[in-house]
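J.: What follows is protein38.csv; its format and atoms are CSV, C-alpha atoms and all ligand atoms.
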chain,number,residue,atom,x,y,z
R,1,MET,CA,-10.2,17.9,-27.3
R,2,HIS,CA,-6.5,17.6,-26.3
R,3,ARG,CA,-4.6,14.6,-27.7
R,4,ILE,CA,-2.0,12.9,-25.6
R,5,LEU,CA,0.5,10.3,-26.7
R,6,ILE,CA,1.6,7.9,-24.0
R,7,ILE,CA,5.0,6.3,-24.8
R,8,GLU,CA,5.5,3.6,-22.1
R,9,ASP,CA,6.4,0.0,-22.3
R,10,GLU,CA,4.5,-1.2,-19.2
R,11,PRO,CA,0.9,-2.0,-20.1
R,12,GLU,CA,-0.3,-1.5,-16.5
R,13,ILE,CA,1.0,2.0,-16.5
R,14,ARG,CA,-0.5,2.9,-19.9
R,15,GLU,CA,-3.8,1.5,-18.7
R,16,MET,CA,-3.7,3.5,-15.5
R,17,LEU,CA,-2.9,6.7,-17.4
R,18,ARG,CA,-5.8,6.0,-19.8
R,19,PHE,CA,-8.0,5.4,-16.8
R,20,ILE,CA,-7.0,8.8,-15.3
R,21,LEU,CA,-7.1,10.8,-18.4
R,22,GLU,CA,-9.9,9.6,-20.6
R,23,PRO,CA,-12.7,10.6,-18.1
R,24,LYS,CA,-11.2,14.1,-18.2
R,25,GLY,CA,-11.8,14.4,-21.9
R,26,PHE,CA,-8.3,13.7,-23.2
R,27,HIS,CA,-7.9,11.6,-26.3
R,28,ILE,CA,-5.3,9.0,-25.7
R,29,SER,CA,-2.9,7.2,-28.1
R,30,GLU,CA,-0.3,4.7,-27.0
R,31,ALA,CA,3.1,3.4,-28.1
R,32,ASP,CA,5.4,1.0,-26.3
R,33,ASN,CA,8.6,1.8,-28.2
R,34,ALA,CA,10.3,4.7,-30.0
R,35,GLN,CA,9.6,3.3,-33.5
R,36,ASP,CA,5.9,3.1,-33.0
R,37,ALA,CA,5.9,6.5,-31.4
R,38,ARG,CA,7.7,8.1,-34.4
R,39,ARG,CA,5.1,6.5,-36.7
R,40,LEU,CA,2.2,7.9,-34.7
R,41,LEU,CA,3.9,11.3,-34.6
R,42,SER,CA,4.3,11.4,-38.3
R,43,ARG,CA,0.6,10.9,-38.9
R,44,GLN,CA,-1.1,13.0,-36.2
R,45,THR,CA,-0.4,16.1,-34.1
R,46,TYR,CA,-0.5,15.8,-30.4
R,47,ASP,CA,-0.8,18.3,-27.6
R,48,LEU,CA,1.4,16.5,-25.2
R,49,ILE,CA,3.6,13.4,-24.9
R,50,LEU,CA,3.9,11.4,-21.7
R,51,MET,CA,7.3,9.8,-22.1
R,52,ASP,CA,8.6,6.9,-20.0
R,53,TRP,CA,12.4,7.3,-19.5
R,54,MET,CA,13.2,3.6,-19.5
R,55,LEU,CA,12.0,2.1,-22.8
R,56,PRO,CA,13.4,-1.0,-24.5
R,57,GLY,CA,15.7,0.0,-27.3
R,58,ARG,CA,15.9,3.7,-27.7
R,59,SER,CA,15.3,5.3,-24.3
R,60,GLY,CA,12.7,7.9,-23.6
R,61,LEU,CA,15.6,10.3,-22.9
R,62,GLU,CA,17.2,9.8,-26.3
R,63,LEU,CA,13.8,9.9,-28.0
R,64,THR,CA,13.1,13.3,-26.3
R,65,ARG,CA,16.4,14.7,-27.5
R,66,GLU,CA,15.7,13.4,-31.0
R,67,LEU,CA,12.1,14.9,-31.2
R,68,LYS,CA,13.2,18.2,-29.8
R,69,ARG,CA,16.1,18.4,-32.3
R,70,LYS,CA,14.2,17.2,-35.4
R,71,THR,CA,10.9,19.0,-35.3
R,72,SER,CA,11.8,21.8,-32.9
R,73,LEU,CA,8.6,23.8,-33.5
R,74,ASN,CA,6.1,21.0,-34.2
R,75,SER,CA,7.1,18.7,-31.4
R,76,PRO,CA,4.5,18.8,-28.6
R,77,PRO,CA,5.6,19.4,-25.1
R,78,ILE,CA,6.9,16.4,-23.3
R,79,ILE,CA,6.4,15.3,-19.7
R,80,MET,CA,9.0,12.7,-18.7
R,81,LEU,CA,7.8,9.8,-16.5
R,82,THR,CA,10.3,7.9,-14.5
R,83,ALA,CA,11.2,6.2,-11.2
R,84,LYS,CA,14.5,8.1,-11.2
R,85,ALA,CA,14.1,10.7,-8.5
R,86,ALA,CA,17.6,12.0,-8.1
R,87,GLU,CA,18.2,15.7,-8.7
R,88,SER,CA,20.8,15.0,-11.4
R,89,ASP,CA,18.3,12.8,-13.3
R,90,LYS,CA,15.7,15.5,-13.2
R,91,VAL,CA,18.2,18.0,-14.5
R,92,MET,CA,19.2,15.5,-17.3
R,93,GLY,CA,15.6,15.0,-18.2
R,94,LEU,CA,14.8,18.7,-18.4
R,95,ASP,CA,18.1,19.3,-20.3
R,96,SER,CA,17.0,16.8,-22.9
R,97,GLY,CA,14.2,19.1,-23.8
R,98,ALA,CA,11.4,17.7,-21.6
R,99,ASP,CA,9.0,20.3,-20.4
R,100,ASP,CA,8.3,18.7,-17.1
R,101,TYR,CA,9.2,15.7,-15.1
R,102,ILE,CA,7.0,13.4,-12.9
R,103,THR,CA,8.4,10.6,-10.8
R,104,LYS,CA,6.6,7.3,-10.3
R,105,PRO,CA,4.6,6.5,-8.3
R,106,PHE,CA,2.6,9.6,-9.1
R,107,SER,CA,-0.8,10.8,-7.8
R,108,PRO,CA,-3.6,11.2,-10.4
R,109,ARG,CA,-4.3,14.7,-9.1
R,110,GLU,CA,-0.7,15.9,-9.5
R,111,MET,CA,-0.5,14.2,-12.9
R,112,LEU,CA,-3.6,16.1,-14.1
R,113,ALA,CA,-2.4,19.4,-12.7
R,114,ARG,CA,1.0,19.1,-14.4
R,115,ILE,CA,-0.5,18.0,-17.7
R,116,LYS,CA,-2.9,20.9,-17.7
R,117,ALA,CA,-0.2,23.4,-16.8
R,118,VAL,CA,2.1,22.2,-19.6
R,119,ILE,CA,-0.6,22.2,-22.2
R,120,ARG,CA,-1.7,25.7,-21.2
R,121,ARG,CA,1.8,27.0,-21.1
R,122,SER,CA,2.6,25.6,-24.6
R,123,ALA,CA,-0.6,27.0,-26.0
R,124,GLY,CA,0.2,30.4,-24.7
R,125,ASP,CA,3.9,30.3,-25.8
R,126,ASN,CA,3.0,29.2,-29.3
R,127,LEU,CA,0.1,31.6,-29.8
R,128,GLU,CA,0.8,33.6,-33.0
R,129,THR,CA,-2.7,35.0,-33.5
R,130,ALA,CA,-3.7,38.4,-32.3
R,131,VAL,CA,-5.4,38.6,-28.9
R,132,GLU,CA,-7.8,41.3,-27.8
R,133,PHE,CA,-9.6,42.0,-24.6
R,134,ALA,CA,-11.9,44.9,-24.2
R,135,GLY,CA,-10.1,47.1,-26.7
R,136,LEU,CA,-6.6,46.1,-25.6
R,137,GLY,CA,-4.9,44.1,-28.4
R,138,ILE,CA,-1.6,42.5,-29.1
R,139,ASP,CA,-0.3,41.1,-32.4
R,140,PRO,CA,2.4,38.5,-31.9
R,141,ALA,CA,3.1,38.5,-35.7
R,142,ASP,CA,4.8,41.9,-35.4
R,143,HIS,CA,5.2,42.3,-31.6
R,144,THR,CA,2.9,45.4,-31.4
R,145,ALA,CA,0.1,46.4,-29.0
R,146,ASN,CA,-2.8,48.6,-29.6
R,147,ILE,CA,-5.7,50.3,-27.9
R,148,ASN,CA,-8.9,50.1,-30.0
R,149,GLY,CA,-6.7,49.7,-33.0
R,150,ALA,CA,-4.4,52.7,-32.3
R,151,PRO,CA,-0.8,51.7,-31.8
R,152,LEU,CA,0.5,51.7,-28.2
R,153,HIS,CA,4.1,52.8,-27.8
R,154,ILE,CA,5.6,49.9,-25.8
R,155,SER,CA,9.1,48.7,-25.2
R,156,PRO,CA,10.1,45.1,-26.0
R,157,ALA,CA,10.2,44.1,-22.4
R,158,GLU,CA,6.8,45.5,-21.6
R,159,TYR,CA,5.4,43.9,-24.8
R,160,ARG,CA,6.7,40.5,-23.7
R,161,LEU,CA,5.1,41.0,-20.3
R,162,LEU,CA,1.8,42.1,-21.7
R,163,HIS,CA,1.9,39.1,-24.2
R,164,PHE,CA,2.5,36.7,-21.3
R,165,PHE,CA,-0.4,38.1,-19.3
R,166,MET,CA,-2.8,38.2,-22.2
R,167,THR,CA,-2.1,34.6,-23.2
R,168,HIS,CA,-2.2,33.4,-19.6
R,169,PRO,CA,-5.2,35.2,-18.2
R,170,ASN,CA,-7.0,34.7,-14.9
R,171,ARG,CA,-4.3,32.9,-13.1
R,172,ALA,CA,-1.9,34.2,-10.5
R,173,TYR,CA,1.8,33.9,-11.2
R,174,THR,CA,4.7,34.4,-8.8
R,175,ARG,CA,7.5,36.9,-9.7
R,176,SER,CA,9.8,34.0,-10.4
R,177,GLN,CA,7.4,32.3,-12.7
R,178,ILE,CA,6.9,35.5,-14.6
R,179,LEU,CA,10.7,35.9,-14.8
R,180,ASP,CA,11.0,32.4,-16.3
R,181,HIS,CA,8.3,33.0,-18.9
R,182,VAL,CA,9.2,36.5,-19.9
R,183,TRP,CA,12.9,36.8,-19.4
R,184,GLY,CA,13.9,33.1,-19.8
R,185,ASP,CA,17.6,32.6,-19.3
R,186,GLU,CA,18.5,36.3,-19.0
R,187,VAL,CA,20.0,35.5,-15.6
R,188,TYR,CA,21.0,39.0,-14.7
R,189,VAL,CA,17.4,40.1,-14.0
R,190,ASP,CA,16.0,39.6,-10.5
R,191,GLU,CA,12.5,39.6,-9.1
R,192,ARG,CA,12.4,43.3,-8.5
R,193,THR,CA,12.7,43.7,-12.3
R,194,VAL,CA,9.2,42.2,-12.6
R,195,ASP,CA,7.8,44.9,-10.3
R,196,VAL,CA,9.6,47.7,-12.2
R,197,HIS,CA,8.1,46.5,-15.5
R,198,ILE,CA,4.7,45.9,-14.1
R,199,ARG,CA,4.7,49.5,-12.9
R,200,ARG,CA,5.7,50.7,-16.4
R,201,LEU,CA,3.1,48.6,-18.0
R,202,ARG,CA,0.3,49.8,-15.7
R,203,LYS,CA,1.4,53.4,-16.5
R,204,LEU,CA,1.1,52.7,-20.2
R,205,LEU,CA,-2.4,51.2,-19.7
R,206,THR,CA,-3.7,53.8,-17.4
R,207,PRO,CA,-5.0,56.4,-20.0
R,208,SER,CA,-7.2,53.8,-21.7
R,209,GLY,CA,-8.4,52.4,-18.3
R,210,HIS,CA,-6.8,49.0,-18.8
R,211,ALA,CA,-4.4,49.2,-15.9
R,212,PRO,CA,-6.8,47.5,-13.4
R,213,SER,CA,-6.5,44.3,-15.5
R,214,ILE,CA,-3.0,43.8,-14.0
R,215,GLN,CA,-3.8,42.9,-10.5
R,216,THR,CA,-1.4,42.4,-7.5
R,217,VAL,CA,-2.1,39.2,-5.7
R,218,ARG,CA,-1.0,39.6,-2.2
R,219,GLY,CA,1.6,37.1,-1.1
R,220,VAL,CA,1.8,35.5,-4.6
R,221,GLY,CA,2.5,37.9,-7.4
R,222,TYR,CA,0.4,39.1,-10.3
R,223,ARG,CA,-2.6,38.1,-12.3
R,224,PHE,CA,-4.1,39.4,-15.5
R,225,THR,CA,-7.9,39.7,-15.4
R,226,PRO,CA,-9.4,40.8,-18.7
R,227,SER,CA,-12.5,42.3,-17.2
R,228,PRO,CA,-12.1,43.4,-13.6
R,229,LEU,CA,-15.4,43.8,-11.8
R,230,ASN,CA,-16.9,47.3,-11.9
R,231,HIS,CA,-14.2,48.4,-14.3
R,232,GLU,CA,-15.4,50.9,-16.8
R,233,LYS,CA,-13.4,52.0,-19.7
R,234,SER,CA,-12.8,55.7,-20.0
R,235,SER,CA,-13.6,57.3,-23.3
R,236,PRO,CA,-10.7,57.5,-25.6
C,301,CA,CA,9.6,1.5,-18.7
Show the structure stored in the file as structure tokens.
T.:
Amino acid sequence: MHRILIIEDEPEIREMLRFILEPKGFHISEADNAQDARRLLSRQTYDLILMDWMLPGRSGLELTRELKRKTSLNSPPIIMLTAKAAESDKVMGLDSGADDYITKPFSPREMLARIKAVIRRSAGDNLETAVEFAGLGIDPADHTANINGAPLHISPAEYRLLHFFMTHPNRAYTRSQILDHVWGDEVYVDERTVDVHIRRLRKLLTPSGHAPSIQTVRGVGYRFTPSPLNHEKSSP
């Protein structure tokens, strides 16, 4: 069960969030100021923080900066909640280290979708354990890939792409989303780069029969499907 910490000073909004999230199986904790939030964070790990921007005392923006600075790796992802809708505010919120941004009033559906996306993303990004699907394996500890245990000779870029797909399976991503995840702030790469690396990755995975797992989704981008239908592994 995912734990969410709501840091918000308005009781009505906390109550509404609880009302939306608890039936979906989330475990909710609440704080109405930065000090209480710190105390809860020191005792318990959370999968996500919903952070109100305007808190009495230390603001949500300042608290976000503080958390991201102090416990860089252990700090859970943060979604900022605010009535501020200006572009510059969104940029400031994200620059503070927030992972996403939701403006009030928000729809429950959008809220849930954003929460699930952020949690899934952070689980995938932080995954340090080896992953294996149908004989295709990656080991994030030493950035290697293997086919039935035999090392696969793979470049760092193809490894990162494969790691992204294997930790985010069964969902279509656009080229631009893949760029963001895999290449981050290397701004000189463009969307065609994704196609080039997909082509190379498929070529690498062809001899073992794993290439069909990387599917082109028309009009969208790409999706990794661990076991495509009717896909039979060729013998090694
Ligand atoms: Ca507030």
J.: Do you know which residues are within 10 Å of ligand CA 301 (chain C) using all atoms listed in the file? Can you write them as a list in words?
T.: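 If we count all atoms listed in the file, the neighbours of ligand CA 301 (chain C) turn out to be Ile7, Glu8, Asp9, Glu10, Pro11, Ile13, Asp32, Asn33, Met51, Asp52, Trp53, Met54, Leu55, Pro56, Ser59, Gly60, Leu81, Thr82 and Ala83 of chain R.
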J.: Which residue is closest to Leu41 of chain R? Choose from R:Arg58, R:Arg200, R:Lys70, R:Arg121 and count all atoms listed in the file.
T.: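 That would be R:Lys70, the residue with the smallest distance to Leu41 of chain R.
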J.: Just checking: using only C-alpha atoms, which residue out of R:Asp180, R:Ile20, R:Asn170, R:Ile198 ends up closest to Glu110 of chain R?
T.: R:Ile20
J.: Determine the nearest neighbour of Phe106 of chain R from the options R:Leu179, R:Val217, R:Ala130, R:Met80, counting only C-alpha atoms.
T.: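 Closest to Phe106 of chain R of all the choices is R:Met80.
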J.: R:Arg171, R:Lys104, R:Lys116, R:Arg109: which is nearest Ile4 of chain R, counting all atoms listed in the file?
T.: R:Lys116
J.: What is the atom CA of Lys84 of chain R-atom CA of Gly97 of chain R distance in Å, reported with one decimal?
T.: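 Taking atom CA of Lys84 of chain R and atom CA of Gly97 of chain R, their separation equals 16.7 Å.
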J.: When distances are computed from all atoms listed in the file, which of R:Leu50, R:Ile178, R:Val220, R:Leu161 shows the smallest separation from Ile115 of chain R?
T.: R:Leu50
J.: When you count all atoms listed in the file, which of these residues is closest to Arg69 of chain R: R:Ala86, R:Ala98, R:Ala150, R:Ala113?
T.: R:Ala98
J.: Residues around (-3.4, 51.6, -25.7), cut-off 8 Å, counting only C-alpha atoms - what are they as number ranges by chain?
T.: R: 136, 145-148, 150-153, 204-205, 207-208
J.: So how far away is atom CA of Pro140 of chain R from atom CA of Ala211 of chain R, in Å?
T.: 20.4 Å
J.: For Met1 of chain R, please output as a ChimeraX atom specification all residues within 7 Å (counting all atoms listed in the file; exclusion window: fewer than 2 positions along the same chain).
T.: /R:3,25-27
J.: Neighbours of Ser213 of chain R within 10 Å (all atoms listed in the file; same-chain residues fewer than 6 positions away dropped), as a ChimeraX atom specification?
T.: /R:133,165-166,169-170,202,205,223-229,231
J.: Filtering to C-alpha atoms, could you give me those residues as a CSV table (one decimal), in the frame of the given file?
T.:
chain,number,residue,atom,x,y,z
R,133,PHE,CA,-9.6,42.0,-24.6
R,165,PHE,CA,-0.4,38.1,-19.3
R,166,MET,CA,-2.8,38.2,-22.2
R,169,PRO,CA,-5.2,35.2,-18.2
R,170,ASN,CA,-7.0,34.7,-14.9
R,202,ARG,CA,0.3,49.8,-15.7
R,205,LEU,CA,-2.4,51.2,-19.7
R,223,ARG,CA,-2.6,38.1,-12.3
R,224,PHE,CA,-4.1,39.4,-15.5
R,225,THR,CA,-7.9,39.7,-15.4
R,226,PRO,CA,-9.4,40.8,-18.7
R,227,SER,CA,-12.5,42.3,-17.2
R,228,PRO,CA,-12.1,43.4,-13.6
R,229,LEU,CA,-15.4,43.8,-11.8
R,231,HIS,CA,-14.2,48.4,-14.3
J.: When you draw a straight line from atom CA of Arg199 of chain R to atom CA of Val118 of chain R, how long is it in Å?
T.: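 Rounded to one decimal, the two atoms are 28.2 Å apart.
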